[in-house]
file start-v5.cif (mmCIF, C-alpha atoms)
data_data
#
loop_
_atom_site.label_atom_id
_atom_site.label_comp_id
_atom_site.auth_asym_id
_atom_site.auth_seq_id
_atom_site.Cartn_x
_atom_site.Cartn_y
_atom_site.Cartn_z
CA MET A 1 52.21 171.21 -72.12
CA ALA A 2 49.61 170.17 -69.55
CA SER A 3 50.48 170.59 -65.92
CA THR A 4 48.84 169.18 -62.81
CA ASN A 5 47.99 171.51 -59.96
CA SER A 6 46.20 171.04 -56.68
CA TRP A 7 45.06 173.11 -53.76
CA THR A 8 43.15 172.70 -50.54
CA LEU A 9 40.82 175.04 -48.74
CA GLU A 10 39.58 174.78 -45.17
CA LEU A 11 36.87 177.16 -43.99
CA GLU A 12 35.20 177.31 -40.61
CA SER A 13 31.56 178.27 -40.40
CA LYS A 14 28.95 179.05 -37.74
CA VAL A 15 26.45 177.02 -39.79
CA SER A 16 25.93 173.29 -39.20
CA ALA A 17 27.50 170.82 -41.63
CA PRO A 18 24.19 169.40 -42.97
CA ARG A 19 22.71 172.84 -43.72
CA LYS A 20 25.90 174.08 -45.33
CA PHE A 21 26.22 170.89 -47.39
CA ARG A 22 22.64 171.07 -48.64
CA ALA A 23 23.08 174.69 -49.70
CA CYS A 24 26.66 174.54 -51.07
CA VAL A 25 26.53 171.14 -52.73
CA MET A 26 23.01 169.80 -53.19
CA ASP A 27 21.34 173.07 -54.24
CA TRP A 28 24.25 175.17 -55.50
CA HIS A 29 22.86 175.17 -59.04
CA THR A 30 19.81 177.06 -57.73
CA LEU A 31 21.43 179.18 -55.04
CA ALA A 32 24.58 180.34 -56.87
CA PRO A 33 22.91 182.59 -59.47
CA LYS A 34 21.06 184.33 -56.62
CA LEU A 35 24.00 184.75 -54.22
CA ALA A 36 26.95 184.99 -56.59
CA PRO A 37 25.91 185.89 -60.15
CA HIS A 38 29.45 187.09 -60.83
CA VAL A 39 30.56 183.46 -60.21
CA ILE A 40 27.59 181.54 -61.68
CA ASP A 41 25.30 183.33 -64.11
CA ASN A 42 22.89 180.40 -64.48
CA ALA A 43 22.78 176.61 -64.38
CA HIS A 44 20.67 173.89 -65.90
CA HIS A 45 20.21 170.18 -65.43
CA VAL A 46 21.66 167.91 -68.14
CA GLU A 47 21.05 164.41 -66.74
CA GLY A 48 20.54 162.43 -63.53
CA ASP A 49 18.41 162.77 -60.42
CA GLY A 50 20.75 164.84 -58.22
CA GLY A 51 22.77 161.84 -57.05
CA ILE A 52 25.80 160.04 -58.45
CA GLY A 53 26.05 160.50 -62.20
CA THR A 54 24.11 163.78 -62.26
CA VAL A 55 25.46 166.33 -64.73
CA ARG A 56 24.73 170.05 -64.61
CA HIS A 57 25.86 172.79 -66.99
CA TYR A 58 26.89 176.15 -65.51
CA ASN A 59 27.35 179.44 -67.36
CA CYS A 60 29.97 181.33 -65.42
CA GLY A 61 30.16 184.97 -64.45
CA SER A 62 33.01 187.46 -64.68
CA ALA A 63 34.78 186.26 -61.48
CA VAL A 64 35.52 182.83 -62.96
CA PRO A 65 38.25 182.41 -65.60
CA PHE A 66 36.11 180.30 -67.95
CA ASN A 67 32.78 180.86 -69.67
CA ALA A 68 31.06 177.60 -68.88
CA MET A 69 31.59 174.34 -67.05
CA LYS A 70 29.98 170.96 -66.81
CA LYS A 71 29.91 169.34 -63.37
CA LYS A 72 29.37 165.61 -62.82
CA VAL A 73 28.74 164.04 -59.41
CA GLU A 74 31.10 161.07 -58.98
CA PHE A 75 30.49 160.31 -55.29
CA LEU A 76 27.84 161.51 -52.85
CA ASP A 77 27.14 160.71 -49.21
CA VAL A 78 24.59 163.22 -47.94
CA ASP A 79 24.55 161.75 -44.41
CA LYS A 80 28.32 162.23 -44.06
CA CYS A 81 28.27 165.55 -45.96
CA GLU A 82 30.81 164.37 -48.52
CA CYS A 83 30.96 164.51 -52.30
CA LYS A 84 33.33 164.26 -55.21
CA TYR A 85 32.72 165.72 -58.62
CA THR A 86 34.56 166.35 -61.84
CA ILE A 87 34.44 169.54 -63.84
CA GLU A 88 35.02 170.07 -67.54
CA CYS A 89 35.82 173.60 -68.69
CA ASP A 90 37.92 175.58 -71.17
CA GLY A 91 41.68 175.24 -70.61
CA VAL A 92 41.40 172.43 -68.09
CA GLU A 93 41.54 168.78 -69.17
CA THR A 94 40.27 167.43 -65.86
CA SER A 95 39.38 168.93 -62.51
CA THR A 96 38.38 166.82 -59.53
CA TRP A 97 36.86 168.36 -56.41
CA ASN A 98 36.42 166.59 -53.06
CA ILE A 99 34.24 168.37 -50.51
CA LYS A 100 33.70 167.31 -46.90
CA MET A 101 31.83 169.21 -44.23
CA LYS A 102 32.57 168.20 -40.68
CA PRO A 103 30.67 169.33 -37.59
CA THR A 104 32.47 171.34 -34.94
CA ALA A 105 31.91 171.30 -31.17
CA ASN A 106 30.19 174.71 -31.24
CA GLY A 107 27.47 173.52 -33.66
CA GLY A 108 29.14 174.96 -36.72
CA SER A 109 31.21 173.20 -39.35
CA VAL A 110 34.48 173.06 -41.21
CA ALA A 111 34.40 172.73 -44.98
CA MET A 112 37.40 170.97 -46.49
CA VAL A 113 37.82 171.29 -50.24
CA GLU A 114 40.53 169.57 -52.26
CA CYS A 115 40.92 170.27 -55.97
CA THR A 116 43.28 168.66 -58.47
CA SER A 117 43.34 169.91 -62.04
CA LYS A 118 45.25 169.13 -65.19
CA GLY A 119 45.53 171.27 -68.27
CA ALA A 120 47.54 173.87 -70.14
CA HIS A 121 46.08 176.75 -68.13
CA ALA A 122 45.08 174.80 -65.03
CA ASN A 123 47.29 176.64 -62.54
CA ASP A 124 46.03 180.18 -63.19
CA MET A 125 42.45 179.13 -63.72
CA MET A 126 42.24 176.94 -60.64
CA LEU A 127 43.78 179.57 -58.35
CA LYS A 128 40.99 181.91 -59.44
CA ALA A 129 38.51 179.07 -58.91
CA LYS A 130 39.88 178.65 -55.36
CA GLU A 131 39.19 182.33 -54.65
CA SER A 132 35.67 181.94 -56.05
CA ALA A 133 35.08 178.80 -53.97
CA ALA A 134 36.11 180.59 -50.77
CA GLU A 135 33.80 183.48 -51.62
CA MET A 136 30.99 181.04 -52.41
CA PHE A 137 31.23 179.33 -49.01
CA LYS A 138 31.24 182.71 -47.24
CA SER A 139 28.24 183.95 -49.24
CA VAL A 140 26.28 180.81 -48.41
CA GLU A 141 27.15 181.14 -44.73
CA ALA A 142 25.88 184.74 -44.68
CA TYR A 143 22.68 183.67 -46.46
CA LEU A 144 22.05 180.79 -44.04
CA ILE A 145 22.66 182.97 -40.99
CA ALA A 146 20.26 185.61 -42.36
CA ASN A 147 17.71 182.87 -43.20
CA PRO A 148 17.76 180.46 -40.22
CA ASN A 149 14.94 178.29 -41.60
CA ALA A 150 16.56 177.72 -44.99
CA TYR A 151 17.96 174.25 -45.70
CA ASN A 152 16.89 172.72 -42.37
#
call {"tool": "encode", "arguments": {"input": "start-v5.cif", "output": "C-alpha cells"}}
result
Amino acid sequence: MASTNSWTLELESKVSAPRKFRACVMDWHTLAPKLAPHVIDNAHHVEGDGGIGTVRHYNCGSAVPFNAMKKKVEFLDVDKCECKYTIECDGVETSTWNIKMKPTANGGSVAMVECTSKGAHANDMMLKAKESAAEMFKSVEAYLIANPNAYN
C-alpha cells in the first residue's frame, strides 16, 4: 500500500542565496557529478530550456536508494531563489520538492527544502534522499567558498 511521507530541511550557509541557488538548483545537473558522484553519477537534458517544464534525467550513485530519476521543473523564480520540482523514480509514485533560499543578515543564506512523497517505499527512500540533500547543500557550500568567483 502506498504511503505519503514528508520532511523538511533547513540549512544555514555562509554563501549568498543567489550563488547557492544558481549552483544547487540551476546548475545541479552539471555540478553534482563533479562534487557528489556517489549521489549523482551523471545527468542529461531531456526537454526544455532550463525553466518551467524542463526535464532532466539523472543516473544516481550508491548513496541514493534508486538507480535513476527524472526531475521536472514545475515552478521557478530565480530572482526570489525559489523552485518546485517533481521527481519520478523507482518505488516512489510522486515526489514534490520545494526549495527556497533566503538571505541572512550576515550575507549568507538559509536553504529551506520541503519534500512530500508517495509510494510503497517512499518513507525509507526519501529519508535517504534527505540525507543526500543535506550532504549536497554542504558540498556546494564548500565548493563555493573554495571558488569565490563561481556562480557570481
call {"tool": "resolve_selection", "arguments": {"input": "start-v5.cif", "expression": "the PyMOL selection byres ((chain A and resi 107-118) around 6)", "output": "PyMOL selection string"}}
result
chain A and resi 3-17+92-106+119+122
call {"tool": "resolve_selection", "arguments": {"input": "start-v5.cif", "expression": "the PyMOL selection byres ((chain A and resi 140) around 12)", "output": "short mmCIF file (atom, residue, chain, number, x, y, z; two decimals) with C-alpha atoms, keeping the file's coordinate frame"}}
result
data_model
loop_
_atom_site.label_atom_id
_atom_site.label_comp_id
_atom_site.auth_asym_id
_atom_site.auth_seq_id
_atom_site.Cartn_x
_atom_site.Cartn_y
_atom_site.Cartn_z
CA SER A 13 31.56 178.27 -40.40
CA LYS A 14 28.95 179.05 -37.74
CA VAL A 15 26.45 177.02 -39.79
CA SER A 16 25.93 173.29 -39.20
CA ARG A 19 22.71 172.84 -43.72
CA LYS A 20 25.90 174.08 -45.33
CA PHE A 21 26.22 170.89 -47.39
CA ARG A 22 22.64 171.07 -48.64
CA ALA A 23 23.08 174.69 -49.70
CA CYS A 24 26.66 174.54 -51.07
CA VAL A 25 26.53 171.14 -52.73
CA ASP A 27 21.34 173.07 -54.24
CA TRP A 28 24.25 175.17 -55.50
CA THR A 30 19.81 177.06 -57.73
CA LEU A 31 21.43 179.18 -55.04
CA ALA A 32 24.58 180.34 -56.87
CA PRO A 33 22.91 182.59 -59.47
CA LYS A 34 21.06 184.33 -56.62
CA LEU A 35 24.00 184.75 -54.22
CA ALA A 36 26.95 184.99 -56.59
CA ALA A 111 34.40 172.73 -44.98
CA ALA A 133 35.08 178.80 -53.97
CA ALA A 134 36.11 180.59 -50.77
CA GLU A 135 33.80 183.48 -51.62
CA MET A 136 30.99 181.04 -52.41
CA PHE A 137 31.23 179.33 -49.01
CA LYS A 138 31.24 182.71 -47.24
CA SER A 139 28.24 183.95 -49.24
CA GLU A 141 27.15 181.14 -44.73
CA ALA A 142 25.88 184.74 -44.68
CA TYR A 143 22.68 183.67 -46.46
CA LEU A 144 22.05 180.79 -44.04
CA ILE A 145 22.66 182.97 -40.99
CA ALA A 146 20.26 185.61 -42.36
CA ASN A 147 17.71 182.87 -43.20
CA PRO A 148 17.76 180.46 -40.22
CA ALA A 150 16.56 177.72 -44.99
CA TYR A 151 17.96 174.25 -45.70
#
call {"tool": "resolve_selection", "arguments": {"input": "start-v5.cif", "expression": "the PyMOL selection byres ((chain A and resi 77-79) around 9)", "output": "ChimeraX atom specification"}}
result
/A:18,21-22,26,75-76,80-83
call {"tool": "write_last_selection", "arguments": {"input": "start-v5.cif", "atoms": "C-alpha atoms", "output": "mmCIF file, in the frame of the given file"}}
result
data_model
loop_
_atom_site.group_PDB
_atom_site.id
_atom_site.type_symbol
_atom_site.label_atom_id
_atom_site.label_comp_id
_atom_site.auth_asym_id
_atom_site.auth_seq_id
_atom_site.Cartn_x
_atom_site.Cartn_y
_atom_site.Cartn_z
ATOM 1 C CA PRO A 18 24.190 169.400 -42.970
ATOM 2 C CA PHE A 21 26.220 170.890 -47.390
ATOM 3 C CA ARG A 22 22.640 171.070 -48.640
ATOM 4 C CA MET A 26 23.010 169.800 -53.190
ATOM 5 C CA PHE A 75 30.490 160.310 -55.290
ATOM 6 C CA LEU A 76 27.840 161.510 -52.850
ATOM 7 C CA LYS A 80 28.320 162.230 -44.060
ATOM 8 C CA CYS A 81 28.270 165.550 -45.960
ATOM 9 C CA GLU A 82 30.810 164.370 -48.520
ATOM 10 C CA CYS A 83 30.960 164.510 -52.300
#
call {"tool": "atom_distance", "arguments": {"input": "start-v5.cif", "atom1": "CA of Glu88 (chain A)", "atom2": "CA of Ala63 (chain A)"}}
result
17.3 Å
call {"tool": "closest_residue", "arguments": {"input": "start-v5.cif", "among": "A:Ser62, A:Met126, A:Ser132, A:Thr54", "to": "Cys89 (chain A)", "atoms": "all atoms listed in the file"}}
result
A:Met126
call {"tool": "residues_near_point", "arguments": {"input": "start-v5.cif", "point": "(21.6, 170.2, -64.8)", "cutoff": "9 Å", "atoms": "all atoms listed in the file", "output": "VMD selection string"}}
result
chain A and resid 29 43 to 48 50 54 to 58 70 to 71
call {"tool": "atom_distance", "arguments": {"input": "start-v5.cif", "atom1": "CA of Asn42 (chain A)", "atom2": "CA of Gly61 (chain A)"}}
result
8.6 Å
